[in-house]
$ cat query05.pdb   # PDB, C-alpha atoms, pLDDT in the B column
ATOM      1  CA  GLY A   1      10.963  -8.228  24.638  1.00 83.00           C
ATOM      2  CA  ASP A   2       7.634  -9.215  23.159  1.00 88.00           C
ATOM      3  CA  LYS A   3       7.527 -10.667  19.638  1.00 93.00           C
ATOM      4  CA  LEU A   4       5.226  -9.256  16.996  1.00 93.00           C
ATOM      5  CA  ASP A   5       4.821  -8.657  13.271  1.00 92.00           C
ATOM      6  CA  HIS A   6       5.540  -5.053  12.329  1.00 90.00           C
ATOM      7  CA  LYS A   7       5.295  -3.170   9.029  1.00 89.00           C
ATOM      8  CA  ASP A   8       8.758  -1.857   8.160  1.00 84.00           C
ATOM      9  CA  SER A   9       8.709   1.871   7.369  1.00 78.00           C
ATOM     10  CA  VAL A  10      11.291   1.501   4.593  1.00 77.00           C
ATOM     11  CA  SER A  11      10.043  -1.446   2.543  1.00 80.00           C
ATOM     12  CA  GLY A  12       6.433  -1.382   3.722  1.00 83.00           C
ATOM     13  CA  LYS A  13       6.567  -5.151   4.278  1.00 88.00           C
ATOM     14  CA  PHE A  14       5.561  -6.876   7.515  1.00 87.00           C
ATOM     15  CA  LYS A  15       8.579  -8.386   9.255  1.00 89.00           C
ATOM     16  CA  SER A  16       9.049 -10.409  12.401  1.00 90.00           C
ATOM     17  CA  ALA A  17      10.210  -8.108  15.199  1.00 88.00           C
ATOM     18  CA  VAL A  18      10.820  -7.718  18.907  1.00 86.00           C
ATOM     19  CA  VAL A  19       9.805  -4.771  21.069  1.00 86.00           C
ATOM     20  CA  ARG A  20      13.035  -3.547  22.649  1.00 80.00           C
ATOM     21  CA  GLU A  21      11.814  -0.745  24.866  1.00 76.00           C
ATOM     22  CA  VAL A  22       8.949   1.612  25.470  1.00 84.00           C
ATOM     23  CA  GLY A  23       9.586   5.339  25.397  1.00 78.00           C
ATOM     24  CA  LYS A  24       7.941   8.683  24.756  1.00 79.00           C
ATOM     25  CA  LEU A  25       7.875   7.929  21.004  1.00 78.00           C
ATOM     26  CA  GLY A  26       6.163   4.571  21.475  1.00 87.00           C
ATOM     27  CA  PHE A  27       7.881   1.222  20.974  1.00 89.00           C
ATOM     28  CA  LYS A  28      11.440   0.690  19.810  1.00 89.00           C
ATOM     29  CA  ILE A  29      11.237  -2.202  17.353  1.00 89.00           C
ATOM     30  CA  ARG A  30      14.133  -4.444  16.305  1.00 88.00           C
ATOM     31  CA  TYR A  31      13.519  -6.567  13.215  1.00 88.00           C
ATOM     32  CA  THR A  32      14.482 -10.231  13.571  1.00 88.00           C
ATOM     33  CA  GLY A  33      17.604 -11.261  11.674  1.00 81.00           C
ATOM     34  CA  GLY A  34      18.969  -7.756  11.336  1.00 75.00           C
ATOM     35  CA  PHE A  35      20.226  -4.715  13.133  1.00 73.00           C
ATOM     36  CA  THR A  36      17.522  -2.358  11.903  1.00 79.00           C
ATOM     37  CA  THR A  37      15.521  -0.622  14.601  1.00 83.00           C
ATOM     38  CA  SER A  38      12.525   1.656  14.309  1.00 84.00           C
ATOM     39  CA  TRP A  39      10.353   3.691  16.644  1.00 87.00           C
ATOM     40  CA  SER A  40       6.650   3.085  16.193  1.00 89.00           C
ATOM     41  CA  ASN A  41       3.602   4.285  18.085  1.00 89.00           C
ATOM     42  CA  TYR A  42       0.616   1.946  18.260  1.00 89.00           C
ATOM     43  CA  ASN A  43      -1.762   4.813  19.068  1.00 88.00           C
ATOM     44  CA  THR A  44      -0.972   6.724  15.868  1.00 87.00           C
ATOM     45  CA  GLU A  45      -0.204   3.838  13.484  1.00 86.00           C
ATOM     46  CA  PRO A  46      -2.000   0.656  14.626  1.00 89.00           C
ATOM     47  CA  GLN A  47      -1.993  -0.707  11.054  1.00 87.00           C
ATOM     48  CA  ARG A  48       1.751  -1.395  11.439  1.00 87.00           C
ATOM     49  CA  PHE A  49       1.256  -3.895  14.298  1.00 91.00           C
ATOM     50  CA  ALA A  50       0.063  -7.527  14.178  1.00 93.00           C
ATOM     51  CA  ASP A  51       0.307 -10.640  16.347  1.00 94.00           C
ATOM     52  CA  SER A  52       3.586 -12.522  15.985  1.00 94.00           C
ATOM     53  CA  GLY A  53       3.457 -14.773  12.913  1.00 93.00           C
ATOM     54  CA  SER A  54      -0.048 -13.708  11.905  1.00 94.00           C
ATOM     55  CA  ILE A  55       1.273 -12.129   8.700  1.00 93.00           C
ATOM     56  CA  THR A  56       4.947 -13.057   8.370  1.00 94.00           C
ATOM     57  CA  THR A  57       4.329 -16.833   8.445  1.00 95.00           C
ATOM     58  CA  ARG A  58       0.713 -16.980   7.243  1.00 95.00           C
ATOM     59  CA  PRO A  59       0.350 -18.589   3.809  1.00 96.00           C
ATOM     60  CA  ALA A  60      -2.201 -17.125   1.397  1.00 95.00           C
ATOM     61  CA  HIS A  61      -5.668 -18.654   1.572  1.00 96.00           C
ATOM     62  CA  ARG A  62      -6.830 -16.556  -1.399  1.00 96.00           C
ATOM     63  CA  PHE A  63      -5.096 -16.193  -4.773  1.00 96.00           C
ATOM     64  CA  ALA A  64      -2.381 -18.701  -3.797  1.00 91.00           C
ATOM     65  CA  GLU A  65      -1.925 -19.563  -7.492  1.00 94.00           C
ATOM     66  CA  LEU A  66      -0.769 -16.049  -8.423  1.00 96.00           C
ATOM     67  CA  LYS A  67       2.787 -15.548  -9.624  1.00 97.00           C
ATOM     68  CA  VAL A  68       5.051 -12.637 -10.510  1.00 98.00           C
ATOM     69  CA  GLY A  69       3.626 -10.798 -13.514  1.00 98.00           C
ATOM     70  CA  ASP A  70      -0.016 -11.672 -12.801  1.00 98.00           C
ATOM     71  CA  GLU A  71      -2.527  -8.833 -12.606  1.00 97.00           C
ATOM     72  CA  ILE A  72      -4.682  -8.072  -9.570  1.00 97.00           C
ATOM     73  CA  ASP A  73      -6.750  -5.197  -8.206  1.00 97.00           C
ATOM     74  CA  ILE A  74      -5.037  -3.166  -5.474  1.00 95.00           C
ATOM     75  CA  ASN A  75      -6.392  -0.608  -2.990  1.00 93.00           C
ATOM     76  CA  PRO A  76      -3.296   0.610  -1.065  1.00 90.00           C
ATOM     77  CA  ILE A  77      -5.063   1.941   2.021  1.00 86.00           C
ATOM     78  CA  TYR A  78      -2.343   0.961   4.510  1.00 77.00           C
ATOM     79  CA  SER A  79       0.521   2.732   2.770  1.00 73.00           C
ATOM     80  CA  ILE A  80       3.477   3.254   5.068  1.00 66.00           C
ATOM     81  CA  SER A  81       4.432   6.577   3.483  1.00 63.00           C
ATOM     82  CA  GLY A  82       0.970   8.025   3.995  1.00 62.00           C
ATOM     83  CA  ARG A  83       0.395   8.344   0.244  1.00 67.00           C
ATOM     84  CA  LYS A  84      -3.214   9.125  -0.547  1.00 73.00           C
ATOM     85  CA  HIS A  85      -3.664   6.529  -3.283  1.00 81.00           C
ATOM     86  CA  ARG A  86      -6.805   4.955  -1.903  1.00 78.00           C
ATOM     87  CA  GLY A  87      -9.246   3.513  -4.382  1.00 88.00           C
ATOM     88  CA  TRP A  88      -9.115   0.375  -6.485  1.00 93.00           C
ATOM     89  CA  LYS A  89      -6.562   0.255  -9.284  1.00 92.00           C
ATOM     90  CA  LYS A  90      -5.155  -2.345 -11.619  1.00 95.00           C
ATOM     91  CA  GLY A  91      -1.916  -3.768 -10.280  1.00 97.00           C
ATOM     92  CA  GLU A  92       0.747  -6.310 -11.141  1.00 98.00           C
ATOM     93  CA  ILE A  93       2.474  -8.763  -8.805  1.00 98.00           C
ATOM     94  CA  LYS A  94       6.142  -7.710  -8.675  1.00 98.00           C
ATOM     95  CA  GLU A  95       7.386  -9.965  -5.885  1.00 97.00           C
ATOM     96  CA  LEU A  96       6.135 -12.831  -3.711  1.00 96.00           C
ATOM     97  CA  ASP A  97       7.321 -13.489  -0.162  1.00 94.00           C
ATOM     98  CA  THR A  98       8.317 -17.170   0.080  1.00 91.00           C
ATOM     99  CA  LYS A  99       7.509 -17.412   3.822  1.00 92.00           C
ATOM    100  CA  SER A 100       4.046 -15.858   3.755  1.00 95.00           C
ATOM    101  CA  GLY A 101       1.239 -14.709   1.483  1.00 96.00           C
ATOM    102  CA  GLN A 102       2.665 -11.202   1.261  1.00 96.00           C
ATOM    103  CA  VAL A 103       3.005  -9.723  -2.221  1.00 97.00           C
ATOM    104  CA  LYS A 104       4.584  -6.600  -3.612  1.00 96.00           C
ATOM    105  CA  VAL A 105       2.150  -5.066  -6.102  1.00 96.00           C
ATOM    106  CA  GLY A 106       3.068  -2.431  -8.666  1.00 96.00           C
ATOM    107  CA  TYR A 107       0.423   0.090  -9.679  1.00 94.00           C
ATOM    108  CA  LYS A 108       0.171   3.426 -11.412  1.00 92.00           C
ATOM    109  CA  TYR A 109      -1.274   6.557  -9.838  1.00 89.00           C
ATOM    110  CA  GLY A 110      -1.465   9.485 -12.201  1.00 85.00           C
ATOM    111  CA  ALA A 111       1.661   9.262 -14.335  1.00 89.00           C
ATOM    112  CA  THR A 112       3.831   7.761 -11.578  1.00 90.00           C
ATOM    113  CA  LYS A 113       4.473   4.098 -10.768  1.00 92.00           C
ATOM    114  CA  TYR A 114       4.430   2.858  -7.159  1.00 92.00           C
ATOM    115  CA  THR A 115       4.697  -0.434  -5.266  1.00 93.00           C
ATOM    116  CA  HIS A 116       2.886  -1.605  -2.161  1.00 93.00           C
ATOM    117  CA  TRP A 117       3.332  -4.691   0.059  1.00 93.00           C
ATOM    118  CA  THR A 118       0.181  -6.398   1.346  1.00 94.00           C
ATOM    119  CA  HIS A 119      -1.085  -9.886   2.170  1.00 96.00           C
ATOM    120  CA  LEU A 120      -3.201 -11.769  -0.378  1.00 97.00           C
ATOM    121  CA  ASP A 121      -5.790 -12.486   2.338  1.00 96.00           C
ATOM    122  CA  ASN A 122      -6.327  -8.747   2.929  1.00 94.00           C
ATOM    123  CA  LYS A 123      -9.760  -8.215   1.334  1.00 94.00           C
ATOM    124  CA  GLU A 124      -9.563  -4.454   1.927  1.00 93.00           C
ATOM    125  CA  GLU A 125      -6.506  -4.158  -0.321  1.00 93.00           C
ATOM    126  CA  ILE A 126      -6.558  -7.125  -2.748  1.00 96.00           C
ATOM    127  CA  ALA A 127      -9.275  -8.313  -5.138  1.00 96.00           C
ATOM    128  CA  GLU A 128      -9.572 -10.384  -8.299  1.00 95.00           C
ATOM    129  CA  PHE A 129      -8.291  -8.510 -11.359  1.00 95.00           C
ATOM    130  CA  GLU A 130     -10.869  -6.027 -12.702  1.00 93.00           C
ATOM    131  CA  SER A 131     -13.480  -7.063 -10.133  1.00 93.00           C
ATOM    132  CA  MET A 132     -13.122  -3.749  -8.275  1.00 93.00           C
ATOM    133  CA  SER A 133     -11.221  -1.425 -10.598  1.00 89.00           C
ATOM    134  CA  SER A 134     -12.997   0.239 -13.486  1.00 72.00           C
ATOM    135  CA  LYS A 135     -12.297  -0.892 -17.042  1.00 51.00           C
ATOM    136  CA  SER A 136     -10.164   2.213 -17.443  1.00 49.00           C
ATOM    137  CA  GLY A 137      -8.236   1.374 -14.274  1.00 50.00           C
ATOM    138  CA  MET A 138      -8.890   4.859 -12.909  1.00 53.00           C
ATOM    139  CA  THR A 139     -10.325   5.607  -9.495  1.00 55.00           C
ATOM    140  CA  MET A 140     -12.916   8.305  -8.843  1.00 57.00           C
ATOM    141  CA  CYS A 141     -10.090  10.431  -7.453  1.00 60.00           C
ATOM    142  CA  ASP A 142      -8.149  10.002 -10.713  1.00 58.00           C
ATOM    143  CA  LEU A 143     -11.232  10.923 -12.756  1.00 58.00           C
ATOM    144  CA  LEU A 144     -11.932  14.007 -10.635  1.00 64.00           C
ATOM    145  CA  GLN A 145      -8.311  15.153 -10.876  1.00 63.00           C
ATOM    146  CA  ASP A 146      -8.414  14.720 -14.668  1.00 60.00           C
ATOM    147  CA  ASP A 147     -11.726  16.632 -14.830  1.00 64.00           C
ATOM    148  CA  ILE A 148     -10.303  19.505 -12.746  1.00 69.00           C
ATOM    149  CA  LYS A 149      -7.187  19.631 -14.938  1.00 64.00           C
ATOM    150  CA  ASP A 150      -9.316  19.641 -18.127  1.00 63.00           C
ATOM    151  CA  LYS A 151     -11.438  22.527 -16.783  1.00 68.00           C
ATOM    152  CA  GLU A 152      -8.310  24.474 -15.813  1.00 68.00           C
ATOM    153  CA  ASP A 153      -6.818  23.898 -19.276  1.00 66.00           C
ATOM    154  CA  ARG A 154     -10.049  25.084 -20.953  1.00 66.00           C
ATOM    155  CA  ARG A 155     -10.150  28.168 -18.698  1.00 63.00           C
ATOM    156  CA  ILE A 156      -6.568  29.019 -19.680  1.00 62.00           C
ATOM    157  CA  ASP A 157      -7.378  28.447 -23.376  1.00 57.00           C
ATOM    158  CA  ILE A 158     -10.403  30.774 -23.166  1.00 59.00           C
ATOM    159  CA  GLY A 159      -8.301  33.389 -21.385  1.00 54.00           C
ATOM    160  CA  ASP A 160      -5.692  33.205 -24.158  1.00 56.00           C
ATOM    161  CA  GLN A 161      -8.397  33.883 -26.768  1.00 55.00           C
ATOM    162  CA  TRP A 162      -9.358  37.186 -25.103  1.00 53.00           C
ATOM    163  CA  GLU A 163      -5.861  38.627 -25.053  1.00 53.00           C
TER     164      GLU A 163
END
$ encode --input "query05.pdb" --output "structure tokens"
Amino acid sequence: GDKLDHKDSVSGKFKSAVVREVGKLGFKIRYTGGFTTSWSNYNTEPQRFADSGSITTRPAHRFAELKVGDEIDINPIYSISGRKHRGWKKGEIKELDTKSGQVKVGYKYGATKYTHWTHLDNKEEIAEFESMSSKSGMTMCDLLQDDIKDKEDRRIDIGDQWE
């Protein structure tokens, strides 16, 4: 089959893969060096597909000096789980891929911690620390959610006063 780089649906990391067959669900992908297979449809999830070696063997041309524990801004727009965490946030490098410029970045959304794999050359998802995130580290979505919660809490408090 054809070789390609494909974003694994479990780890969210791009891995070298081979297209095994084409079916009604799209492409059956087998990751190189393992027995894991996955169905993936290019029409509905094109962000999971890349030319062979374009991500999995590409060294970082930006931020190559970063190491585990360093801080960076993250905008996880290509999340494999479909999480709606878009918007720039403060993140921390949790893991570096030794064969490419891929990094696993930890970030907080609301009160919950998440991780996201991306490539350091991806300008849509990675930026210099605090160059894109606010000083508070909150996105507009976070601020709006907090504002809505505050208004709800005040409404409940006012209601309690009238009882």
$ resolve_selection --input "query05.pdb" --expression "the PyMOL selection byres ((chain A and resi 85) around 7)" --output "VMD selection string"
chain A and resid 76 83 to 84 86 to 87 109
$ resolve_selection --input "query05.pdb" --expression "the PyMOL selection byres ((chain A and resi 89-98) around 7)" --output "VMD selection string"
chain A and resid 67 to 75 87 to 88 99 to 107 129 to 130 133 137 to 139
$ atom_distance --input "query05.pdb" --atom1 "atom CA of A:Trp39" --atom2 "atom CA of A:Val10"
12.3 Å
$ resolve_selection --input "query05.pdb" --expression "the PyMOL selection byres ((chain A and resi 52) around 7)" --output "list in words"
Lys3, Leu4, Asp5, Ser16, Ala50, Asp51, Gly53 and Ser54 of chain A
$ atom_distance --input "query05.pdb" --atom1 "atom CA of A:Gly26" --atom2 "atom CA of A:Pro46"
11.4 Å
$ closest_residue --input "query05.pdb" --among "A:Glu65, A:Asp121, A:Asp8, A:Glu128" --to "A:Thr32" --atoms "only C-alpha atoms"
A:Asp8
$ atom_distance --input "query05.pdb" --atom1 "atom CA of A:Lys15" --atom2 "atom CA of A:Thr115"
17.0 Å
$ closest_atom_pairs --input "query05.pdb" --of "stretch 34-91 of chain A" --to "stretch 20-24 of chain A" --cutoff "10 Å" --atoms "only C-alpha atoms" --output "tab-separated table"
residue	atom	partner	partner_atom	distance
A:Thr37	CA	A:Arg20	CA	8.9
A:Ser38	CA	A:Arg20	CA	9.8
A:Trp39	CA	A:Gly23	CA	8.9
A:Ser40	CA	A:Val22	CA	9.7
A:Asn41	CA	A:Lys24	CA	9.1
$ residues_near_point --input "query05.pdb" --point "(-4.9, -10.0, -2.7)" --cutoff "6 Å" --atoms "all atoms listed in the file" --output "PyMOL selection string"
chain A and resi 120-122+126-127
$ closest_residue --input "query05.pdb" --among "A:Gly1, A:Lys123, A:Tyr31, A:Ser9" --to "A:Ile77" --atoms "all atoms listed in the file"
A:Lys123
